[in-house]
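Participant: Just dropping this structure here.
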Amino acid sequence: MTRSAQTAEPIDPRLEDVLRYAIAIGATLLLLVPAARGSSETFGWLPLWLLVMPLSAWCVVHRFRLRAATATADRRSHTARRHRSGPQARRRARPLPRPALPKAA
């Protein structure tokens, strides 16, 4: 567990339950009701409001803890990479186009 996850305040269980129910209901509606996969003139794209917004709120409540876990894995893989010690490669100069020869008649 990371230091930021240890010092973070606990999440309100009521908010956690509401968001989980909203995600479950939204996913169920998207799977079972074809009209929920479309767009509404009043609300716009319905999957955004039924599934994406509750998921993003749930991620914000958890303060992106998943991202912190992947960041440590990225740092490990970055240090394991081998870097070139030589100079950076340069582009070759393009050859100039040859002038067109006049055609003999």
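Residue numbering restarts at 1 in every chain; chains get A, B, ... in the order shown in the structure tokens, and ligands count up from 1 in that same order.
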Find the residues around range 11-21 of chain A up to 10 Å (only C-alpha atoms counted), leave out those fewer than 5 positions away in its own chain, and share them as a PyMOL selection string.

Facilitator: chain A and resi 26-27+53-58+61-63

Participant: Taking 4 positions as the minimum chain separation for residues in the same chain, which residues sit within 12 Å of Ala36 in chain A when counting only C-alpha atoms? Answer as a list of chain:residue names.

Facilitator: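 Once the nearby chain positions are removed, what remains is A:Ile25, A:Gly26, A:Ala27, A:Thr28, A:Leu29, A:Leu30, A:Leu31, A:Leu32, A:Ser40, A:Phe43, A:Gly44, A:Trp45, A:Leu46, A:Pro47, A:Leu48, A:Trp49, A:Leu50, A:Leu51.
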
Participant: Please produce a file of those selected residues containing N, CA and C atoms, as a CSV table (one decimal), in the first residue's frame.

Facilitator:
chain,number,residue,atom,x,y,z
A,25,ILE,N,-26.9,-0.2,-11.9
A,25,ILE,CA,-28.2,0.1,-12.6
A,25,ILE,C,-27.9,0.6,-14.0
A,26,GLY,N,-26.9,1.5,-14.2
A,26,GLY,CA,-26.5,2.0,-15.5
A,26,GLY,C,-26.1,0.9,-16.4
A,27,ALA,N,-25.2,0.0,-15.9
A,27,ALA,CA,-24.7,-1.1,-16.8
A,27,ALA,C,-25.9,-2.1,-17.1
A,28,THR,N,-26.8,-2.3,-16.2
A,28,THR,CA,-27.9,-3.2,-16.5
A,28,THR,C,-28.8,-2.6,-17.6
A,29,LEU,N,-29.1,-1.3,-17.4
A,29,LEU,CA,-29.9,-0.6,-18.4
A,29,LEU,C,-29.3,-0.6,-19.8
A,30,LEU,N,-28.0,-0.4,-19.8
A,30,LEU,CA,-27.3,-0.4,-21.1
A,30,LEU,C,-27.3,-1.8,-21.8
A,31,LEU,N,-27.2,-2.8,-21.0
A,31,LEU,CA,-27.3,-4.2,-21.5
A,31,LEU,C,-28.6,-4.6,-22.0
A,32,LEU,N,-29.7,-4.2,-21.2
A,32,LEU,CA,-31.0,-4.8,-21.4
A,32,LEU,C,-31.9,-3.9,-22.2
A,40,SER,N,-30.2,11.2,-26.4
A,40,SER,CA,-31.5,11.9,-26.1
A,40,SER,C,-31.3,13.4,-26.5
A,43,PHE,N,-30.7,15.0,-22.8
A,43,PHE,CA,-29.6,14.6,-22.0
A,43,PHE,C,-28.3,14.4,-22.8
A,44,GLY,N,-28.4,14.2,-24.1
A,44,GLY,CA,-27.3,13.8,-24.9
A,44,GLY,C,-27.0,12.3,-25.0
A,45,TRP,N,-25.8,11.9,-25.0
A,45,TRP,CA,-25.4,10.5,-25.2
A,45,TRP,C,-25.7,9.8,-23.9
A,46,LEU,N,-26.6,8.9,-23.8
A,46,LEU,CA,-27.1,8.3,-22.6
A,46,LEU,C,-26.1,7.4,-21.9
A,47,PRO,N,-25.2,6.6,-22.6
A,47,PRO,CA,-24.2,5.8,-21.9
A,47,PRO,C,-23.3,6.7,-21.1
A,48,LEU,N,-23.1,7.9,-21.5
A,48,LEU,CA,-22.2,8.8,-20.7
A,48,LEU,C,-22.8,9.0,-19.3
A,49,TRP,N,-24.1,9.3,-19.3
A,49,TRP,CA,-24.8,9.6,-18.0
A,49,TRP,C,-25.1,8.3,-17.2
A,50,LEU,N,-25.3,7.2,-17.9
A,50,LEU,CA,-25.7,6.0,-17.2
A,50,LEU,C,-24.5,5.2,-16.6
A,51,LEU,N,-23.4,5.3,-17.3
A,51,LEU,CA,-22.2,4.5,-16.9
A,51,LEU,C,-20.9,5.3,-16.7

Participant: Pick from A:Val52, A:Ala35, A:Pro87, A:Pro10: nearest to Ala22 in chain A, with only C-alpha atoms counted?

Facilitator: A:Val52

Participant: Name the residues of range 4-58 of chain A that fall into strand (DSSP E or B) according to DSSP on the backbone, using the chain letters and numbers of this document, as a list in words.

Facilitator: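 Result set for range 4-58 of chain A (strand (DSSP E or B)): Ser39, Ser40, Gly44 and Trp45 of chain A.
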